[in-house]
6 protein chains.
Amino acid sequence: METTIPMKISGRNKLNGIVTNIVPGIVTAEVEMDIGNGNSVTGVITKRSLEDLQIRQGDELTALIKATSVMFIKD
Amino acid sequence: METTIPMKISGRNKLNGIVTNIVPGIVTAEVEMDIGNGNSVTGVITKRSLEDLQIRQGDELTALIKATSVMFIKD
Amino acid sequence: METTIPMKISGRNKLNGIVTNIVPGIVTAEVEMDIGNGNSVTGVITKRSLEDLQIRQGDELTALIKATSVMFIKD
Amino acid sequence: METTIPMKISGRNKLNGIVTNIVPGIVTAEVEMDIGNGNSVTGVITKRSLEDLQIRQGDELTALIKATSVMFIKD
Amino acid sequence: METTIPMKISGRNKLNGIVTNIVPGIVTAEVEMDIGNGNSVTGVITKRSLEDLQIRQGDELTALIKATSVMFIKD
Amino acid sequence: METTIPMKISGRNKLNGIVTNIVPGIVTAEVEMDIGNGNSVTGVITKRSLEDLQIRQGDELTALIKATSVMFIKD
């Protein structure tokens, strides 16, 4: 019997959601996800990654964001 | 009477939340936010920005993330 | 009477300028700004942000750059 | 019998190596890896990720780098 | 006689390689390099930089990656 | 006689200035530059790069910023 040891990634932010929109370009592609609670997350990845991961509308994905890429706004 | 025209920022991802934890360092500081729905967002900013914005536990903040900083994981 | 409280952003670098050139692509768009003193700043944002902010040649914009994205060269 | 379906990540660059040096700070930590062929890769992650992943000298790790973070120099 | 003082860049990761593939888009371009030891590095730069540096298949290039852009995966 | 062929870097933004302030931490260091015209640029680099490049107050430096790291604000 095999135990699956999950891959651990140092990137601190992992947000699960459902793909709601894809805009494929030539080099890059935009992927938009609904993460619930009225929030969405949009990412720009390479067209190749879009194809390699076979990302399609309705897919469950996890957005991965490094903490050093996050800024804060205070009103 | 004055109409407030809101500042518009090109960064596509804006996630509202409440500051739950702050780790101040020498140059940088880590800020963790609860964005609801069981999700949290952690950012590393400069210590100076932490002080300039006077970020404190319980504050309402918006996390700002550029779309090119977002990756996706598919299980 | 209303007092406008300005939005505060943790990103440390804010450079004001005038848009001198726009290259719209499919997913992304390149925006070039003259920030005076013989300097220009070029950014690549999503095509959607270009449209949402209605960025046009001659517009006054502020470039926003997180300190962790800045490198230094010494000759 | 169980088949392990590997996690797929859109980040295009994955470089395997052995941890050769760790500098822990307060908020961040520097991790240096030998990726063979005389090359090394250095990353700055949060101190918390260092602890969560229990990264130690001699560990086998994979460096993950998004394609939009890569620049090129031509002599 | 002249001594060439090399330019020094704060970006910690410099990986030398040979260009194996180029995908030119409208705004951006993807460049893939073989860095030896079975490893490759892919970067997305502006189409303009591709043209300014006259990057072509077979060119020797150095990939430059800031340490804060590097994440780590532990299996 | 030797001709120095300058290094060319794909990062589109190069801003020259004079170092006005340095905050050294454990892993990272903050460097602030005056780029003229009332503008300053602040970067966070590794402490090691600060030492390797021997960056000191008053030094002439060039800030290097990839176009994909630039956002825009429109008031």
# chains A, B, ... in the order shown; residues from 1 in each chain; ligands from 1
>>> interface_residues(of="chain D", to="chain C", cutoff="12 Å", atoms="only C-alpha atoms", output="PyMOL selection string")
chain D and resi 44-45+68-71
>>> write_last_selection(atoms="C-alpha atoms", output="JSON list (two decimals), in the first residue's frame")
[["chain", "number", "residue", "atom", "x", "y", "z"],
["D", 44, "VAL", "CA", 14.65, 34.28, -0.75],
["D", 45, "ILE", "CA", 11.52, 32.80, 0.82],
["D", 68, "THR", "CA", 7.88, 36.23, -16.48],
["D", 69, "SER", "CA", 10.55, 36.60, -13.74],
["D", 70, "VAL", "CA", 13.41, 35.66, -16.11],
["D", 71, "MET", "CA", 15.50, 38.33, -17.86]]
>>> select_by_dssp(residues="chain B", states="strand (DSSP E)", output="compact mmCIF listing (two decimals) with C-alpha atoms, in the first residue's frame")
# COMPACT_ATOMS: atom_id res chain seq x y z
CA LYS B 8 -7.70 53.06 -10.51
CA ILE B 9 -4.85 50.55 -10.44
CA ASN B 13 -6.30 41.19 -8.18
CA LYS B 14 -7.72 43.05 -5.19
CA LEU B 15 -8.73 40.93 -2.21
CA ASN B 16 -10.23 42.55 0.89
CA GLY B 17 -9.55 41.20 4.35
CA ILE B 18 -8.70 41.77 7.98
CA VAL B 19 -5.10 41.72 9.27
CA THR B 20 -4.63 38.69 11.54
CA ASN B 21 -0.88 38.64 12.06
CA ILE B 22 2.18 40.88 11.60
CA VAL B 23 5.83 39.81 11.80
CA PRO B 24 8.08 42.88 11.71
CA THR B 28 10.82 43.60 5.58
CA ALA B 29 7.63 42.67 7.42
CA GLU B 30 5.12 39.87 6.93
CA VAL B 31 1.43 40.71 6.99
CA GLU B 32 -1.27 38.01 7.06
CA MET B 33 -4.90 38.73 6.21
CA ASP B 34 -8.09 36.70 6.54
CA ILE B 35 -10.02 37.17 3.26
CA GLY B 36 -13.00 35.07 4.34
CA ASN B 39 -8.75 31.75 2.84
CA SER B 40 -5.83 33.87 3.97
CA VAL B 41 -3.32 35.99 2.06
CA THR B 42 0.24 36.65 3.26
CA GLY B 43 2.42 39.42 1.90
CA VAL B 44 6.00 40.53 2.53
CA ILE B 45 6.39 44.31 2.27
CA THR B 46 9.07 46.71 3.47
CA GLU B 60 -9.17 46.29 6.92
CA LEU B 61 -6.76 46.04 3.99
CA THR B 62 -6.86 45.17 0.31
CA ALA B 63 -4.21 42.81 -1.03
CA LEU B 64 -3.05 43.91 -4.50
CA ILE B 65 -1.51 41.27 -6.77
CA VAL B 70 -0.04 34.39 -10.31
CA MET B 71 0.73 30.76 -11.11
CA PHE B 72 -1.71 27.85 -11.23
CA ILE B 73 -1.57 24.32 -9.81
CA LYS B 74 -3.74 21.51 -11.18
>>> closest_residue(among="C:Met7, C:Leu50, C:Ile55, C:Ala67", to="Gly25 (chain C)", atoms="only C-alpha atoms")
C:Leu50
>>> select_by_dssp(residues="chain D", states="helix (DSSP H, G or I)", output="MDAnalysis selection string")
chainID D and resid 47:52 67:69
>>> decode(residues="region 43-72 of chain F", atoms="N, CA and C atoms", output="mmCIF file, in the first residue's frame")
data_model
loop_
_atom_site.group_PDB
_atom_site.id
_atom_site.type_symbol
_atom_site.label_atom_id
_atom_site.label_comp_id
_atom_site.auth_asym_id
_atom_site.auth_seq_id
_atom_site.Cartn_x
_atom_site.Cartn_y
_atom_site.Cartn_z
ATOM 1 N N GLY F 43 14.828 49.847 -3.637
ATOM 2 C CA GLY F 43 14.857 48.422 -3.959
ATOM 3 C C GLY F 43 15.242 47.588 -2.753
ATOM 4 N N VAL F 44 14.714 46.359 -2.704
ATOM 5 C CA VAL F 44 15.126 45.408 -1.672
ATOM 6 C C VAL F 44 15.895 44.292 -2.362
ATOM 7 N N ILE F 45 17.172 44.170 -2.018
ATOM 8 C CA ILE F 45 18.021 43.133 -2.609
ATOM 9 C C ILE F 45 18.559 42.253 -1.472
ATOM 10 N N THR F 46 19.297 41.204 -1.805
ATOM 11 C CA THR F 46 19.881 40.391 -0.736
ATOM 12 C C THR F 46 21.039 41.159 -0.088
ATOM 13 N N LYS F 47 21.240 40.904 1.196
ATOM 14 C CA LYS F 47 22.362 41.495 1.931
ATOM 15 C C LYS F 47 23.678 41.145 1.223
ATOM 16 N N ARG F 48 23.736 39.931 0.705
ATOM 17 C CA ARG F 48 24.932 39.477 0.000
ATOM 18 C C ARG F 48 25.241 40.299 -1.248
ATOM 19 N N SER F 49 24.197 40.652 -1.996
ATOM 20 C CA SER F 49 24.415 41.479 -3.189
ATOM 21 C C SER F 49 24.892 42.861 -2.768
ATOM 22 N N LEU F 50 24.348 43.370 -1.682
ATOM 23 C CA LEU F 50 24.794 44.670 -1.154
ATOM 24 C C LEU F 50 26.290 44.640 -0.902
ATOM 25 N N GLU F 51 26.750 43.531 -0.305
ATOM 26 C CA GLU F 51 28.171 43.386 0.021
ATOM 27 C C GLU F 51 29.005 43.094 -1.229
ATOM 28 N N ASP F 52 28.517 42.216 -2.097
ATOM 29 C CA ASP F 52 29.273 41.880 -3.315
ATOM 30 C C ASP F 52 29.476 43.112 -4.191
ATOM 31 N N LEU F 53 28.446 43.930 -4.306
ATOM 32 C CA LEU F 53 28.547 45.125 -5.155
ATOM 33 C C LEU F 53 29.151 46.301 -4.370
ATOM 34 N N GLN F 54 29.372 46.079 -3.064
ATOM 35 C CA GLN F 54 29.945 47.121 -2.200
ATOM 36 C C GLN F 54 29.208 48.448 -2.366
ATOM 37 N N ILE F 55 27.881 48.367 -2.271
ATOM 38 C CA ILE F 55 27.051 49.560 -2.435
ATOM 39 C C ILE F 55 27.154 50.440 -1.195
ATOM 40 N N ARG F 56 27.480 51.730 -1.431
ATOM 41 C CA ARG F 56 27.632 52.677 -0.318
ATOM 42 C C ARG F 56 26.887 53.973 -0.650
ATOM 43 N N GLN F 57 26.514 54.725 0.365
ATOM 44 C CA GLN F 57 25.874 56.036 0.166
ATOM 45 C C GLN F 57 26.721 56.880 -0.789
ATOM 46 N N GLY F 58 26.078 57.527 -1.732
ATOM 47 C CA GLY F 58 26.784 58.387 -2.668
ATOM 48 C C GLY F 58 27.187 57.682 -3.961
ATOM 49 N N ASP F 59 27.094 56.349 -3.969
ATOM 50 C CA ASP F 59 27.434 55.585 -5.178
ATOM 51 C C ASP F 59 26.469 55.902 -6.317
ATOM 52 N N GLU F 60 26.996 55.887 -7.538
ATOM 53 C CA GLU F 60 26.136 55.946 -8.726
ATOM 54 C C GLU F 60 25.693 54.532 -9.064
ATOM 55 N N LEU F 61 24.399 54.337 -9.153
ATOM 56 C CA LEU F 61 23.852 53.019 -9.478
ATOM 57 C C LEU F 61 22.814 53.160 -10.581
ATOM 58 N N THR F 62 22.486 52.018 -11.191
ATOM 59 C CA THR F 62 21.356 51.968 -12.117
ATOM 60 C C THR F 62 20.334 50.993 -11.555
ATOM 61 N N ALA F 63 19.106 51.458 -11.386
ATOM 62 C CA ALA F 63 18.025 50.555 -10.981
ATOM 63 C C ALA F 63 17.544 49.830 -12.228
ATOM 64 N N LEU F 64 17.379 48.520 -12.121
ATOM 65 C CA LEU F 64 16.927 47.683 -13.243
ATOM 66 C C LEU F 64 15.582 47.078 -12.869
ATOM 67 N N ILE F 65 14.569 47.338 -13.703
ATOM 68 C CA ILE F 65 13.205 46.877 -13.392
ATOM 69 C C ILE F 65 12.590 46.243 -14.638
ATOM 70 N N LYS F 66 12.157 44.984 -14.515
ATOM 71 C CA LYS F 66 11.522 44.273 -15.637
ATOM 72 C C LYS F 66 10.155 44.910 -15.903
ATOM 73 N N ALA F 67 9.784 45.044 -17.156
ATOM 74 C CA ALA F 67 8.517 45.687 -17.522
ATOM 75 C C ALA F 67 7.299 44.975 -16.919
ATOM 76 N N THR F 68 7.374 43.655 -16.763
ATOM 77 C CA THR F 68 6.226 42.920 -16.201
ATOM 78 C C THR F 68 6.017 43.212 -14.710
ATOM 79 N N SER F 69 6.978 43.887 -14.076
ATOM 80 C CA SER F 69 6.830 44.252 -12.651
ATOM 81 C C SER F 69 6.208 45.629 -12.450
ATOM 82 N N VAL F 70 5.914 46.328 -13.550
ATOM 83 C CA VAL F 70 5.392 47.693 -13.456
ATOM 84 C C VAL F 70 3.860 47.697 -13.566
ATOM 85 N N MET F 71 3.196 48.319 -12.613
ATOM 86 C CA MET F 71 1.747 48.558 -12.659
ATOM 87 C C MET F 71 1.516 50.039 -12.945
ATOM 88 N N PHE F 72 0.259 50.414 -13.232
ATOM 89 C CA PHE F 72 -0.049 51.825 -13.447
ATOM 90 C C PHE F 72 -1.262 52.242 -12.621
#
